[in-house]
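Source file entry.pdb; content: PDB, C-alpha atoms.
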```pdb
MODEL        1
ATOM      1  CA  MET A   1     -55.834 -58.651  -4.003  1.00  0.00           C
ATOM      2  CA  ARG A   2     -57.388 -56.933  -7.005  1.00  0.00           C
ATOM      3  CA  LEU A   3     -57.489 -53.338  -8.205  1.00  0.00           C
ATOM      4  CA  VAL A   4     -61.049 -52.096  -8.590  1.00  0.00           C
ATOM      5  CA  PHE A   5     -62.262 -48.821 -10.037  1.00  0.00           C
ATOM      6  CA  PRO A   6     -64.518 -47.230  -7.371  1.00  0.00           C
ATOM      7  CA  ARG A   7     -68.260 -47.604  -7.862  1.00  0.00           C
ATOM      8  CA  ILE A   8     -71.348 -46.655  -5.884  1.00  0.00           C
ATOM      9  CA  GLU A   9     -71.469 -50.181  -4.405  1.00  0.00           C
ATOM     10  CA  HIS A  10     -68.212 -49.404  -2.560  1.00  0.00           C
ATOM     11  CA  LYS A  11     -69.594 -46.384  -0.704  1.00  0.00           C
ATOM     12  CA  GLU A  12     -69.915 -47.923   2.785  1.00  0.00           C
ATOM     13  CA  LYS A  13     -66.550 -49.702   2.561  1.00  0.00           C
ATOM     14  CA  ALA A  14     -64.848 -46.561   1.245  1.00  0.00           C
ATOM     15  CA  ILE A  15     -66.184 -44.450   4.102  1.00  0.00           C
ATOM     16  CA  ASP A  16     -65.090 -47.159   6.552  1.00  0.00           C
ATOM     17  CA  TYR A  17     -61.624 -47.099   4.967  1.00  0.00           C
ATOM     18  CA  ILE A  18     -61.253 -43.333   5.361  1.00  0.00           C
ATOM     19  CA  ASN A  19     -62.691 -43.335   8.886  1.00  0.00           C
ATOM     20  CA  GLU A  20     -60.073 -45.861   9.983  1.00  0.00           C
ATOM     21  CA  PHE A  21     -57.339 -43.368   9.103  1.00  0.00           C
ATOM     22  CA  TYR A  22     -59.073 -40.678  11.169  1.00  0.00           C
ATOM     23  CA  GLU A  23     -59.480 -43.073  14.110  1.00  0.00           C
ATOM     24  CA  HIS A  24     -55.755 -43.879  14.012  1.00  0.00           C
ATOM     25  CA  GLY A  25     -54.666 -40.274  13.423  1.00  0.00           C
ATOM     26  CA  SER A  26     -52.932 -41.431  10.264  1.00  0.00           C
ATOM     27  CA  GLU A  27     -52.309 -39.422   7.107  1.00  0.00           C
ATOM     28  CA  ILE A  28     -54.092 -40.571   3.941  1.00  0.00           C
ATOM     29  CA  ASN A  29     -52.200 -40.683   0.639  1.00  0.00           C
ATOM     30  CA  GLY A  30     -53.316 -41.945  -2.745  1.00  0.00           C
ATOM     31  CA  SER A  31     -57.030 -41.611  -2.066  1.00  0.00           C
ATOM     32  CA  GLY A  32     -57.703 -39.460  -5.111  1.00  0.00           C
ATOM     33  CA  GLY A  33     -59.058 -36.789  -2.779  1.00  0.00           C
ATOM     34  CA  LEU A  34     -61.710 -39.027  -1.199  1.00  0.00           C
ATOM     35  CA  ASP A  35     -60.787 -37.862   2.297  1.00  0.00           C
ATOM     36  CA  TYR A  36     -61.183 -34.188   1.358  1.00  0.00           C
ATOM     37  CA  CYS A  37     -64.312 -34.763  -0.682  1.00  0.00           C
ATOM     38  CA  LEU A  38     -66.124 -36.505   2.164  1.00  0.00           C
ATOM     39  CA  LYS A  39     -65.509 -33.469   4.382  1.00  0.00           C
ATOM     40  CA  GLU A  40     -67.013 -31.043   1.870  1.00  0.00           C
ATOM     41  CA  SER A  41     -69.168 -33.081  -0.480  1.00  0.00           C
ATOM     42  CA  THR A  42     -70.458 -36.607  -1.129  1.00  0.00           C
ATOM     43  CA  TYR A  43     -69.101 -39.946  -2.232  1.00  0.00           C
ATOM     44  CA  GLU A  44     -71.207 -39.656  -5.373  1.00  0.00           C
ATOM     45  CA  ASP A  45     -69.572 -36.313  -6.250  1.00  0.00           C
ATOM     46  CA  TRP A  46     -66.159 -37.892  -5.714  1.00  0.00           C
ATOM     47  CA  LEU A  47     -67.034 -40.745  -8.111  1.00  0.00           C
ATOM     48  CA  GLU A  48     -68.108 -38.249 -10.754  1.00  0.00           C
ATOM     49  CA  GLY A  49     -64.808 -36.417 -10.337  1.00  0.00           C
ATOM     50  CA  LEU A  50     -62.817 -39.645 -10.695  1.00  0.00           C
ATOM     51  CA  ILE A  51     -64.322 -40.297 -14.082  1.00  0.00           C
ATOM     52  CA  LYS A  52     -63.496 -36.754 -15.221  1.00  0.00           C
ATOM     53  CA  GLU A  53     -59.884 -37.009 -13.964  1.00  0.00           C
ATOM     54  CA  ILE A  54     -59.093 -39.785 -16.423  1.00  0.00           C
ATOM     55  CA  ASP A  55     -59.749 -37.597 -19.482  1.00  0.00           C
ATOM     56  CA  ILE A  56     -57.251 -34.818 -20.136  1.00  0.00           C
ATOM     57  CA  ALA A  57     -60.016 -32.700 -21.704  1.00  0.00           C
ATOM     58  CA  ASN A  58     -61.788 -32.534 -18.328  1.00  0.00           C
ATOM     59  CA  ILE A  59     -58.939 -31.420 -16.079  1.00  0.00           C
ATOM     60  CA  ALA A  60     -57.568 -28.005 -15.163  1.00  0.00           C
ATOM     61  CA  ASP A  61     -54.455 -26.668 -16.904  1.00  0.00           C
ATOM     62  CA  PHE A  62     -52.366 -27.148 -13.756  1.00  0.00           C
ATOM     63  CA  ASP A  63     -53.405 -30.786 -13.289  1.00  0.00           C
ATOM     64  CA  VAL A  64     -52.721 -34.150 -14.943  1.00  0.00           C
ATOM     65  CA  PRO A  65     -54.959 -37.077 -15.883  1.00  0.00           C
ATOM     66  CA  ARG A  66     -55.029 -39.781 -13.246  1.00  0.00           C
ATOM     67  CA  ILE A  67     -56.858 -42.908 -12.216  1.00  0.00           C
ATOM     68  CA  THR A  68     -57.679 -44.099  -8.707  1.00  0.00           C
ATOM     69  CA  TYR A  69     -58.270 -47.676  -7.626  1.00  0.00           C
ATOM     70  CA  PHE A  70     -59.385 -49.433  -4.493  1.00  0.00           C
ATOM     71  CA  CYS A  71     -57.106 -52.334  -3.570  1.00  0.00           C
ATOM     72  CA  VAL A  72     -59.560 -55.022  -2.501  1.00  0.00           C
ATOM     73  CA  ARG A  73     -58.694 -58.238  -0.676  1.00  0.00           C
ATOM     74  CA  GLU A  74     -60.199 -61.233  -2.493  1.00  0.00           C
ATOM     75  CA  GLU A  75     -61.247 -63.258   0.570  1.00  0.00           C
ATOM     76  CA  ASP A  76     -63.579 -60.699   2.112  1.00  0.00           C
ATOM     77  CA  ASP A  77     -63.860 -57.802  -0.371  1.00  0.00           C
ATOM     78  CA  ARG A  78     -62.306 -55.451   2.189  1.00  0.00           C
ATOM     79  CA  ILE A  79     -60.601 -52.330   0.884  1.00  0.00           C
ATOM     80  CA  VAL A  80     -57.050 -52.717   2.203  1.00  0.00           C
ATOM     81  CA  GLY A  81     -55.521 -49.867   0.222  1.00  0.00           C
ATOM     82  CA  MET A  82     -55.924 -47.219  -2.424  1.00  0.00           C
ATOM     83  CA  ILE A  83     -53.708 -46.098  -5.247  1.00  0.00           C
ATOM     84  CA  ASN A  84     -53.710 -42.983  -7.403  1.00  0.00           C
ATOM     85  CA  LEU A  85     -51.802 -43.199 -10.688  1.00  0.00           C
ATOM     86  CA  ARG A  86     -50.841 -40.005 -12.481  1.00  0.00           C
ATOM     87  CA  LEU A  87     -50.834 -40.736 -16.196  1.00  0.00           C
ATOM     88  CA  SER A  88     -48.378 -37.924 -16.972  1.00  0.00           C
ATOM     89  CA  LEU A  89     -46.367 -35.392 -14.986  1.00  0.00           C
ATOM     90  CA  ILE A  90     -46.090 -31.593 -14.845  1.00  0.00           C
ATOM     91  CA  ASN A  91     -43.857 -29.393 -12.695  1.00  0.00           C
ATOM     92  CA  PHE A  92     -45.679 -29.998  -9.386  1.00  0.00           C
ATOM     93  CA  SER A  93     -46.023 -33.733  -9.809  1.00  0.00           C
ATOM     94  CA  LYS A  94     -42.442 -34.065 -11.089  1.00  0.00           C
ATOM     95  CA  LYS A  95     -41.088 -32.079  -8.177  1.00  0.00           C
ATOM     96  CA  ASP A  96     -43.217 -33.104  -5.197  1.00  0.00           C
ATOM     97  CA  ALA A  97     -45.514 -36.034  -5.899  1.00  0.00           C
ATOM     98  CA  GLY A  98     -44.270 -38.271  -8.678  1.00  0.00           C
ATOM     99  CA  HIS A  99     -46.449 -40.704 -10.593  1.00  0.00           C
ATOM    100  CA  ILE A 100     -47.912 -42.679  -7.690  1.00  0.00           C
ATOM    101  CA  GLY A 101     -49.730 -42.026  -4.437  1.00  0.00           C
ATOM    102  CA  TYR A 102     -50.869 -44.963  -2.340  1.00  0.00           C
ATOM    103  CA  SER A 103     -52.028 -45.898   1.120  1.00  0.00           C
ATOM    104  CA  VAL A 104     -52.714 -49.010   3.167  1.00  0.00           C
ATOM    105  CA  ARG A 105     -55.321 -48.889   5.915  1.00  0.00           C
ATOM    106  CA  PRO A 106     -53.728 -48.767   9.376  1.00  0.00           C
ATOM    107  CA  THR A 107     -54.966 -52.192  10.540  1.00  0.00           C
ATOM    108  CA  GLU A 108     -53.631 -53.870   7.376  1.00  0.00           C
ATOM    109  CA  ARG A 109     -50.075 -52.534   7.468  1.00  0.00           C
ATOM    110  CA  ARG A 110     -47.034 -54.806   7.743  1.00  0.00           C
ATOM    111  CA  LYS A 111     -48.796 -57.490   5.712  1.00  0.00           C
ATOM    112  CA  HIS A 112     -46.942 -56.734   2.452  1.00  0.00           C
ATOM    113  CA  TYR A 113     -49.934 -55.020   0.831  1.00  0.00           C
ATOM    114  CA  ALA A 114     -47.909 -51.884   0.082  1.00  0.00           C
ATOM    115  CA  THR A 115     -45.343 -53.872  -1.896  1.00  0.00           C
ATOM    116  CA  GLU A 116     -48.085 -55.671  -3.809  1.00  0.00           C
ATOM    117  CA  ILE A 117     -49.905 -52.396  -4.525  1.00  0.00           C
ATOM    118  CA  LEU A 118     -46.763 -50.682  -5.797  1.00  0.00           C
ATOM    119  CA  ASN A 119     -45.808 -53.674  -7.972  1.00  0.00           C
ATOM    120  CA  ARG A 120     -49.306 -53.684  -9.506  1.00  0.00           C
ATOM    121  CA  ALA A 121     -48.955 -49.976 -10.260  1.00  0.00           C
ATOM    122  CA  LEU A 122     -45.590 -50.523 -11.921  1.00  0.00           C
ATOM    123  CA  LYS A 123     -47.117 -53.182 -14.191  1.00  0.00           C
ATOM    124  CA  ILE A 124     -49.719 -50.643 -15.300  1.00  0.00           C
ATOM    125  CA  TYR A 125     -46.968 -48.154 -16.145  1.00  0.00           C
ATOM    126  CA  ASP A 126     -45.165 -50.943 -18.049  1.00  0.00           C
ATOM    127  CA  LYS A 127     -48.281 -51.403 -20.198  1.00  0.00           C
ATOM    128  CA  MET A 128     -48.352 -47.646 -20.817  1.00  0.00           C
ATOM    129  CA  GLY A 129     -44.723 -47.649 -21.951  1.00  0.00           C
ATOM    130  CA  ILE A 130     -43.578 -45.463 -19.053  1.00  0.00           C
ATOM    131  CA  ASP A 131     -40.172 -46.842 -18.143  1.00  0.00           C
ATOM    132  CA  GLU A 132     -39.151 -44.309 -15.502  1.00  0.00           C
ATOM    133  CA  VAL A 133     -41.553 -43.849 -12.592  1.00  0.00           C
ATOM    134  CA  LEU A 134     -41.145 -41.184  -9.892  1.00  0.00           C
ATOM    135  CA  ILE A 135     -42.522 -41.700  -6.401  1.00  0.00           C
ATOM    136  CA  SER A 136     -42.034 -39.680  -3.221  1.00  0.00           C
ATOM    137  CA  CYS A 137     -42.523 -40.264   0.476  1.00  0.00           C
ATOM    138  CA  GLU A 138     -41.951 -38.290   3.637  1.00  0.00           C
ATOM    139  CA  LYS A 139     -38.332 -38.411   4.756  1.00  0.00           C
ATOM    140  CA  GLU A 140     -39.200 -40.005   8.103  1.00  0.00           C
ATOM    141  CA  ASN A 141     -41.485 -42.645   6.549  1.00  0.00           C
ATOM    142  CA  VAL A 142     -38.936 -45.448   6.690  1.00  0.00           C
ATOM    143  CA  ALA A 143     -41.531 -48.127   5.912  1.00  0.00           C
ATOM    144  CA  SER A 144     -42.643 -46.457   2.680  1.00  0.00           C
ATOM    145  CA  ALA A 145     -39.058 -45.797   1.601  1.00  0.00           C
ATOM    146  CA  GLY A 146     -38.328 -49.486   2.218  1.00  0.00           C
ATOM    147  CA  VAL A 147     -41.264 -50.572   0.058  1.00  0.00           C
ATOM    148  CA  ILE A 148     -40.175 -48.248  -2.740  1.00  0.00           C
ATOM    149  CA  MET A 149     -36.594 -49.545  -2.631  1.00  0.00           C
ATOM    150  CA  LYS A 150     -37.821 -53.158  -2.499  1.00  0.00           C
ATOM    151  CA  CYS A 151     -39.691 -52.449  -5.754  1.00  0.00           C
ATOM    152  CA  GLY A 152     -36.548 -51.102  -7.427  1.00  0.00           C
ATOM    153  CA  GLY A 153     -36.593 -47.486  -6.289  1.00  0.00           C
ATOM    154  CA  MET A 154     -33.349 -45.550  -6.210  1.00  0.00           C
ATOM    155  CA  LEU A 155     -33.087 -42.333  -4.222  1.00  0.00           C
ATOM    156  CA  LYS A 156     -33.062 -39.370  -6.599  1.00  0.00           C
ATOM    157  CA  ASP A 157     -33.348 -36.446  -4.179  1.00  0.00           C
ATOM    158  CA  GLU A 158     -34.152 -35.313  -0.635  1.00  0.00           C
ATOM    159  CA  PHE A 159     -35.733 -31.885  -0.267  1.00  0.00           C
ATOM    160  CA  PHE A 160     -38.164 -29.674   1.606  1.00  0.00           C
ATOM    161  CA  SER A 161     -41.492 -29.470  -0.219  1.00  0.00           C
ATOM    162  CA  GLU A 162     -43.031 -26.012  -0.119  1.00  0.00           C
ATOM    163  CA  THR A 163     -46.313 -27.592  -1.219  1.00  0.00           C
ATOM    164  CA  TYR A 164     -46.535 -30.143   1.605  1.00  0.00           C
ATOM    165  CA  LYS A 165     -44.355 -28.242   4.117  1.00  0.00           C
ATOM    166  CA  LYS A 166     -42.437 -31.462   4.800  1.00  0.00           C
ATOM    167  CA  GLU A 167     -39.104 -33.089   4.069  1.00  0.00           C
ATOM    168  CA  LEU A 168     -39.533 -35.561   1.211  1.00  0.00           C
ATOM    169  CA  LYS A 169     -37.524 -38.222  -0.553  1.00  0.00           C
ATOM    170  CA  MET A 170     -37.983 -38.659  -4.298  1.00  0.00           C
ATOM    171  CA  PHE A 171     -37.225 -42.048  -5.795  1.00  0.00           C
ATOM    172  CA  VAL A 172     -36.980 -43.175  -9.394  1.00  0.00           C
ATOM    173  CA  ILE A 173     -37.881 -46.688 -10.493  1.00  0.00           C
ATOM    174  CA  LYS A 174     -36.452 -47.535 -13.909  1.00  0.00           C
ATOM    175  CA  ARG A 175     -38.033 -50.436 -15.781  1.00  0.00           C
TER     176      ARG A 175
ENDMDL
END
```
As structure tokens, the full file:
Amino acid sequence: MRLVFPRIEHKEKAIDYINEFYEHGSEINGSGGLDYCLKESTYEDWLEGLIKEIDIANIADFDVPRITYFCVREEDDRIVGMINLRLSLINFSKKDAGHIGYSVRPTERRKHYATEILNRALKIYDKMGIDEVLISCEKENVASAGVIMKCGGMLKDEFFSETYKKELKMFVIKR
């Protein structure tokens, strides 16, 4: 699997990826807003926004710079996951979201992609010199909590998120 910055050539596969979540009634995390954008705008607009999100000069005061990748399987170039990496944290992201959001398409779950995706993300944070990474998941998402703990996550807190209106678990991964 490789991490690939989204490009126009990925449009059909990206739409297929998002549609699979809708077909399975599954929540989408770590898509960098692709799911919302496709409801109100275009893939091309989303790509333009991704480029702006990397540069702190282009983001709103209440936001942080971030980068989104497709997680592409080598054998068939299928998008099996997505990951959104926040390059710094502010109050909201410290409290509710953490550094990382990720997802694995419903038909590709239980194939260890989530663990591989999270480990790749942690290596990126290592290169950035970030030695303490926060990541949250819904309290009832046992699979995600297991992946986080497998990658070194230690439970930091359990709380009700006013933002997401859900019970969350916040983990810290120290490098």
- prompt: Applied to the shown file, which residues does the PyMOL selection byres ((chain A and resi 137) around 9) return, written as a list in words?
  reply: Ala97, Gly101, Ile135, Ser136, Glu138, Lys139, Glu140, Asn141, Val142, Ser144, Ala145, Ile148, Glu167, Leu168, Lys169, Met170 and Phe171 of chain A
Give me the result of the PyMOL selection byres ((chain A and resi 69) around 8) on this file, residue by residue, as a short mmCIF file (atom, residue, chain, number, x, y, z; two decimals) with C-alpha atoms, keeping the file's coordinate frame.
```
data_model
loop_
_atom_site.label_atom_id
_atom_site.label_comp_id
_atom_site.auth_asym_id
_atom_site.auth_seq_id
_atom_site.Cartn_x
_atom_site.Cartn_y
_atom_site.Cartn_z
CA LEU A 3 -57.49 -53.34 -8.20
CA VAL A 4 -61.05 -52.10 -8.59
CA PHE A 5 -62.26 -48.82 -10.04
CA PRO A 6 -64.52 -47.23 -7.37
CA ILE A 67 -56.86 -42.91 -12.22
CA THR A 68 -57.68 -44.10 -8.71
CA PHE A 70 -59.38 -49.43 -4.49
CA CYS A 71 -57.11 -52.33 -3.57
CA MET A 82 -55.92 -47.22 -2.42
CA ILE A 83 -53.71 -46.10 -5.25
CA ASN A 84 -53.71 -42.98 -7.40
#
```
Just need the box for stretch 163-171 of chain A, edges along x, y and z, holding every atom the file lists for it with 4 Å tacked onto each side, so centre and edge lengths in Å to one decimal, as AutoDock Vina command-line options.
```
--center_x -41.9 --center_y -34.8 --center_z -0.5 --size_x 17.3 --size_y 22.5 --size_z 18.6
```
Name the residues captured by the PyMOL selection byres ((chain A and resi 73) around 12) when it is applied to the shown file; answer as a short mmCIF file (atom, residue, chain, number, x, y, z; two decimals) with C-alpha atoms, in the frame of the given file.
```
data_model
loop_
_atom_site.label_atom_id
_atom_site.label_comp_id
_atom_site.auth_asym_id
_atom_site.auth_seq_id
_atom_site.Cartn_x
_atom_site.Cartn_y
_atom_site.Cartn_z
CA MET A 1 -55.83 -58.65 -4.00
CA ARG A 2 -57.39 -56.93 -7.00
CA LEU A 3 -57.49 -53.34 -8.20
CA VAL A 4 -61.05 -52.10 -8.59
CA PHE A 70 -59.38 -49.43 -4.49
CA CYS A 71 -57.11 -52.33 -3.57
CA VAL A 72 -59.56 -55.02 -2.50
CA GLU A 74 -60.20 -61.23 -2.49
CA GLU A 75 -61.25 -63.26 0.57
CA ASP A 76 -63.58 -60.70 2.11
CA ASP A 77 -63.86 -57.80 -0.37
CA ARG A 78 -62.31 -55.45 2.19
CA ILE A 79 -60.60 -52.33 0.88
CA VAL A 80 -57.05 -52.72 2.20
CA GLY A 81 -55.52 -49.87 0.22
CA MET A 82 -55.92 -47.22 -2.42
CA VAL A 104 -52.71 -49.01 3.17
CA ARG A 105 -55.32 -48.89 5.92
CA GLU A 108 -53.63 -53.87 7.38
CA LYS A 111 -48.80 -57.49 5.71
CA TYR A 113 -49.93 -55.02 0.83
CA GLU A 116 -48.08 -55.67 -3.81
CA ILE A 117 -49.90 -52.40 -4.53
#
```
task: Determine the nearest neighbour of A:Gly32 from the options A:Glu44, A:Arg66, A:Glu20, A:Asp157, counting only C-alpha atoms.
output: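 Selected residue with least distance to A:Gly32: A:Arg66.
Residue neighbourhood of stretch 55-60 of chain A, excluding near-sequence residues (fewer than 5 positions): Glu48, Gly49, Leu50, Pro65, Arg66, Ile67, Arg86, Leu87 and Ser88 of chain A, at 12 Å, using only C-alpha atoms.
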- request: Go through A:Ser26, A:Leu89, A:Tyr164, A:Leu134 one by one, measure the shortest atom-to-atom distance of each to A:Arg109 using all atoms listed in the file, and give the residue with the smallest value.
  value: A:Ser26
If I put a ball of radius 9 Å at (-67.4, -41.1, -4.9) in the file's coordinates, which residues poke into it when counting all atoms listed in the file, written as a PDB file with C-alpha atoms, keeping the file's coordinate frame?
```
ATOM      1  CA  PRO A   6     -64.518 -47.230  -7.371  1.00  0.00           C
ATOM      2  CA  ARG A   7     -68.260 -47.604  -7.862  1.00  0.00           C
ATOM      3  CA  ILE A   8     -71.348 -46.655  -5.884  1.00  0.00           C
ATOM      4  CA  HIS A  10     -68.212 -49.404  -2.560  1.00  0.00           C
ATOM      5  CA  LYS A  11     -69.594 -46.384  -0.704  1.00  0.00           C
ATOM      6  CA  ALA A  14     -64.848 -46.561   1.245  1.00  0.00           C
ATOM      7  CA  LEU A  34     -61.710 -39.027  -1.199  1.00  0.00           C
ATOM      8  CA  CYS A  37     -64.312 -34.763  -0.682  1.00  0.00           C
ATOM      9  CA  LEU A  38     -66.124 -36.505   2.164  1.00  0.00           C
ATOM     10  CA  THR A  42     -70.458 -36.607  -1.129  1.00  0.00           C
ATOM     11  CA  TYR A  43     -69.101 -39.946  -2.232  1.00  0.00           C
ATOM     12  CA  GLU A  44     -71.207 -39.656  -5.373  1.00  0.00           C
ATOM     13  CA  ASP A  45     -69.572 -36.313  -6.250  1.00  0.00           C
ATOM     14  CA  TRP A  46     -66.159 -37.892  -5.714  1.00  0.00           C
ATOM     15  CA  LEU A  47     -67.034 -40.745  -8.111  1.00  0.00           C
ATOM     16  CA  GLU A  48     -68.108 -38.249 -10.754  1.00  0.00           C
ATOM     17  CA  GLY A  49     -64.808 -36.417 -10.337  1.00  0.00           C
ATOM     18  CA  LEU A  50     -62.817 -39.645 -10.695  1.00  0.00           C
TER      19      LEU A  50
END
```
message: Taking only C-alpha atoms into account, name the residue in A:Gly30, A:Asn119, A:Ile18, A:Gly152 that is nearest to A:Tyr102.
response: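 That would be A:Gly30, the residue with the smallest distance to A:Tyr102.
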task: Would you kindly return, as a list of chain:residue names, each protein, DNA or RNA residue with an atom no farther than 8 Å from any atom of A:Cys151, considering only C-alpha atoms and excluding same-chain residues fewer than 6 positions away?
output: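 Contacts, in chain order: A:Thr115, A:Leu118, A:Asn119, A:Ile173.
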message: as a VMD selection string, please: the residues near A:Tyr125 (cut-off 10 Å, all atoms listed in the file, same-chain neighbours under 4 positions excluded).
response: chain A and resid 85 to 87 99 119 to 121 129 to 133 175
- prompt: When you draw a straight line from atom CA of A:Ile54 to atom CA of A:Lys127, how long is it in Å?
  reply: 16.3 Å
message: Report, in Å to a single decimal, how far apart atom CA of A:Asp126 and atom CA of A:Ala143 are.
response: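 Going from atom CA of A:Ala143 over to atom CA of A:Asp126, I get 24.4 Å.
Picture a line from atom CA of A:Ala114 to atom CA of A:Lys174; it runs 18.6 Å.
Closest approach to A:Gly98 among A:Ile51, A:Ile15, A:Met128, A:Val64 is made by A:Val64 (distances from all atoms listed in the file).
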